[in-house]
>>> print(open('protein-v3.tsv').read())   # TSV, C-alpha atoms
chain	number	residue	atom	x	y	z
M	48	MET	CA	60.85	167.44	68.37
M	49	ALA	CA	63.30	164.93	69.76
M	50	LYS	CA	62.70	163.35	73.12
M	51	THR	CA	65.26	164.10	75.79
M	52	SER	CA	65.89	162.06	78.87
M	53	ALA	CA	65.50	163.49	82.34
M	54	ALA	CA	69.23	163.09	82.92
M	55	SER	CA	70.15	165.19	79.91
M	56	GLU	CA	67.82	168.00	81.01
M	57	HIS	CA	69.82	168.64	84.19
M	58	ARG	CA	73.25	170.15	84.26
M	59	TYR	CA	75.90	169.02	86.71
M	60	ASP	CA	75.11	170.44	90.13
M	61	PRO	CA	77.89	170.04	92.73
M	62	THR	CA	75.45	170.72	95.57
M	63	LEU	CA	73.38	167.73	94.48
M	64	SER	CA	76.25	165.34	95.13
M	65	PHE	CA	76.89	167.06	98.50
M	66	PHE	CA	73.27	166.54	99.53
M	67	ASP	CA	73.36	162.96	98.27
M	68	THR	CA	76.37	162.36	100.53
M	69	ILE	CA	74.57	163.88	103.51
M	70	GLU	CA	71.47	161.81	102.77
M	71	ASP	CA	73.56	158.64	102.56
M	72	ALA	CA	75.27	159.42	105.88
M	73	VAL	CA	71.92	160.07	107.57
M	74	ASP	CA	70.50	156.83	106.16
M	75	ARG	CA	73.49	154.85	107.42
M	76	GLY	CA	73.25	156.50	110.84
M	77	ARG	CA	69.55	155.67	111.01
M	78	ALA	CA	70.20	152.05	110.02
M	79	LEU	CA	72.94	151.69	112.64
M	80	ALA	CA	70.78	153.31	115.32
M	81	GLN	CA	67.89	150.97	114.47
M	82	TYR	CA	70.23	147.97	114.58
M	83	ASN	CA	71.48	149.04	118.02
M	84	ILE	CA	67.96	149.68	119.34
M	85	ASP	CA	66.85	146.26	118.12
M	86	GLY	CA	69.89	144.68	119.77
M	87	LEU	CA	69.19	146.46	123.04
M	88	ASN	CA	65.55	145.39	122.98
M	89	GLY	CA	66.54	141.79	122.28
M	90	GLU	CA	69.13	141.77	125.04
M	91	GLY	CA	66.68	143.28	127.52
M	92	ARG	CA	64.07	140.68	126.62
M	93	ARG	CA	66.63	137.87	126.97
M	94	PHE	CA	67.73	139.22	130.35
M	95	MET	CA	64.18	139.48	131.70
M	96	GLU	CA	63.31	135.99	130.48
M	97	GLN	CA	66.41	134.62	132.20
M	98	MET	CA	65.51	136.45	135.43
M	99	ALA	CA	61.99	134.99	135.35
M	100	THR	CA	63.33	131.49	134.71
M	101	ASP	CA	65.87	131.79	137.54
M	102	ALA	CA	63.16	133.03	139.92
M	103	GLU	CA	60.85	130.13	139.02
M	104	ASP	CA	63.68	127.65	139.57
M	105	ALA	CA	64.51	129.22	142.95
M	106	LEU	CA	60.87	129.03	144.04
M	107	GLU	CA	60.72	125.35	143.13
M	108	ARG	CA	63.92	124.71	145.06
M	109	PHE	CA	62.55	126.64	148.08
M	110	LYS	CA	59.65	124.19	148.23
M	111	ALA	CA	62.11	121.37	148.83
M	112	CYS	CA	63.97	123.16	151.64
M	113	ARG	CA	63.93	121.37	155.00
M	114	SER	CA	66.17	123.67	157.05
M	115	PRO	CA	67.45	127.25	157.14
M	116	PHE	CA	70.70	125.98	155.65
M	117	ASP	CA	68.81	124.71	152.60
M	118	VAL	CA	67.17	128.14	152.24
M	119	ALA	CA	70.56	129.86	152.48
M	120	ALA	CA	71.98	127.56	149.80
M	121	VAL	CA	69.09	128.34	147.43
M	122	GLN	CA	69.45	132.07	148.06
M	123	GLN	CA	73.20	131.93	147.49
M	124	ALA	CA	72.75	130.06	144.21
M	125	TRP	CA	70.09	132.54	143.08
M	126	PHE	CA	72.28	135.56	143.95
M	127	ALA	CA	75.24	133.99	142.13
M	128	ALA	CA	73.08	133.36	139.05
M	129	ARG	CA	71.82	136.97	139.15
M	130	ALA	CA	75.33	138.37	139.43
M	131	LYS	CA	76.51	136.25	136.51
M	132	ALA	CA	73.49	137.31	134.42
M	133	TYR	CA	74.19	141.01	135.10
M	134	VAL	CA	77.85	140.65	134.14
M	135	ASP	CA	77.12	138.60	131.02
M	136	THR	CA	74.42	141.02	129.88
M	137	GLY	CA	76.66	144.01	130.52
M	138	VAL	CA	79.46	142.47	128.48
M	139	ARG	CA	77.09	141.67	125.59
M	140	LEU	CA	75.66	145.19	125.68
M	141	PHE	CA	79.12	146.73	125.72
M	142	GLN	CA	80.52	144.58	122.92
M	143	GLY	CA	77.32	143.69	121.11
M	144	PRO	CA	75.27	145.67	118.67
M	145	THR	CA	77.62	148.58	117.91
M	146	ALA	CA	80.66	146.37	117.43
M	147	GLN	CA	78.74	143.94	115.26
M	148	GLY	CA	76.74	146.67	113.55
M	149	SER	CA	79.75	148.41	112.05
M	150	GLY	CA	78.99	146.63	108.77
M	151	VAL	CA	75.37	147.79	108.67
M	152	ARG	CA	74.44	149.50	105.42
M	153	ALA	CA	71.33	151.45	104.64
>>> encode(input="protein-v3.tsv", output="structure tokens")
Amino acid sequence: MAKTSAASEHRYDPTLSFFDTIEDAVDRGRALAQYNIDGLNGEGRRFMEQMATDAEDALERFKACRSPFDVAAVQQAWFAARAKAYVDTGVRLFQGPTAQGSGVRA
């Protein structure tokens, strides 16, 4: 008896190609979601590290303060740095992973 390949044993099944398409779409969606989650985690980690660094710098500068005006200047600089960090992080989150992840393939 002649050997037959697995491919020759199956007839064409149009539902198989439909399910393959669905599986491919789900795999791509999963890959894009994972890419976005990884990007969000990385951005959150970067933001928290920057906040900690800014706070340490402000504490060091507070030690050198000699008057209430010096304290106000340190606070103002810290608030300005925080505001800039929030804006920059928001922009990166809005533009970041999804826009860059459009080329992600499963």
>>> atom_distance(input="protein-v3.tsv", atom1="CA of Asp101 (chain M)", atom2="CA of Trp125 (chain M)")
7.0 Å
>>> residues_near_point(input="protein-v3.tsv", point="(63.8, 128.2, 151.7)", cutoff="12 Å", atoms="all atoms listed in the file", output="list in words")
Ala105, Leu106, Glu107, Arg108, Phe109, Lys110, Ala111, Cys112, Arg113, Ser114, Pro115, Phe116, Asp117, Val118, Ala119, Ala120, Val121, Gln122, Gln123, Ala124 and Trp125 of chain M
>>> atom_distance(input="protein-v3.tsv", atom1="CA of Arg93 (chain M)", atom2="CA of Thr136 (chain M)")
8.9 Å
>>> atom_distance(input="protein-v3.tsv", atom1="CA of Arg92 (chain M)", atom2="CA of Leu140 (chain M)")
12.5 Å
>>> residues_around(input="protein-v3.tsv", residues="Gly89 (chain M)", least_positions_apart="3", cutoff="12 Å", atoms="all atoms listed in the file", output="PyMOL selection string")
chain M and resi 82-86+92-96+136+139-140+143-144
>>> axis_aligned_box(input="protein-v3.tsv", around="region 103-110 of chain M", padding_each_side="5 Å", output="JSON")
{"center_x": 62.1, "center_y": 127.2, "center_z": 143.6, "size_x": 14.9, "size_y": 15.9, "size_z": 19.2}
>>> closest_residue(input="protein-v3.tsv", among="M:Asp74, M:Asp104, M:Asp67, M:Glu90", to="Gly137 (chain M)", atoms="only C-alpha atoms")
M:Glu90
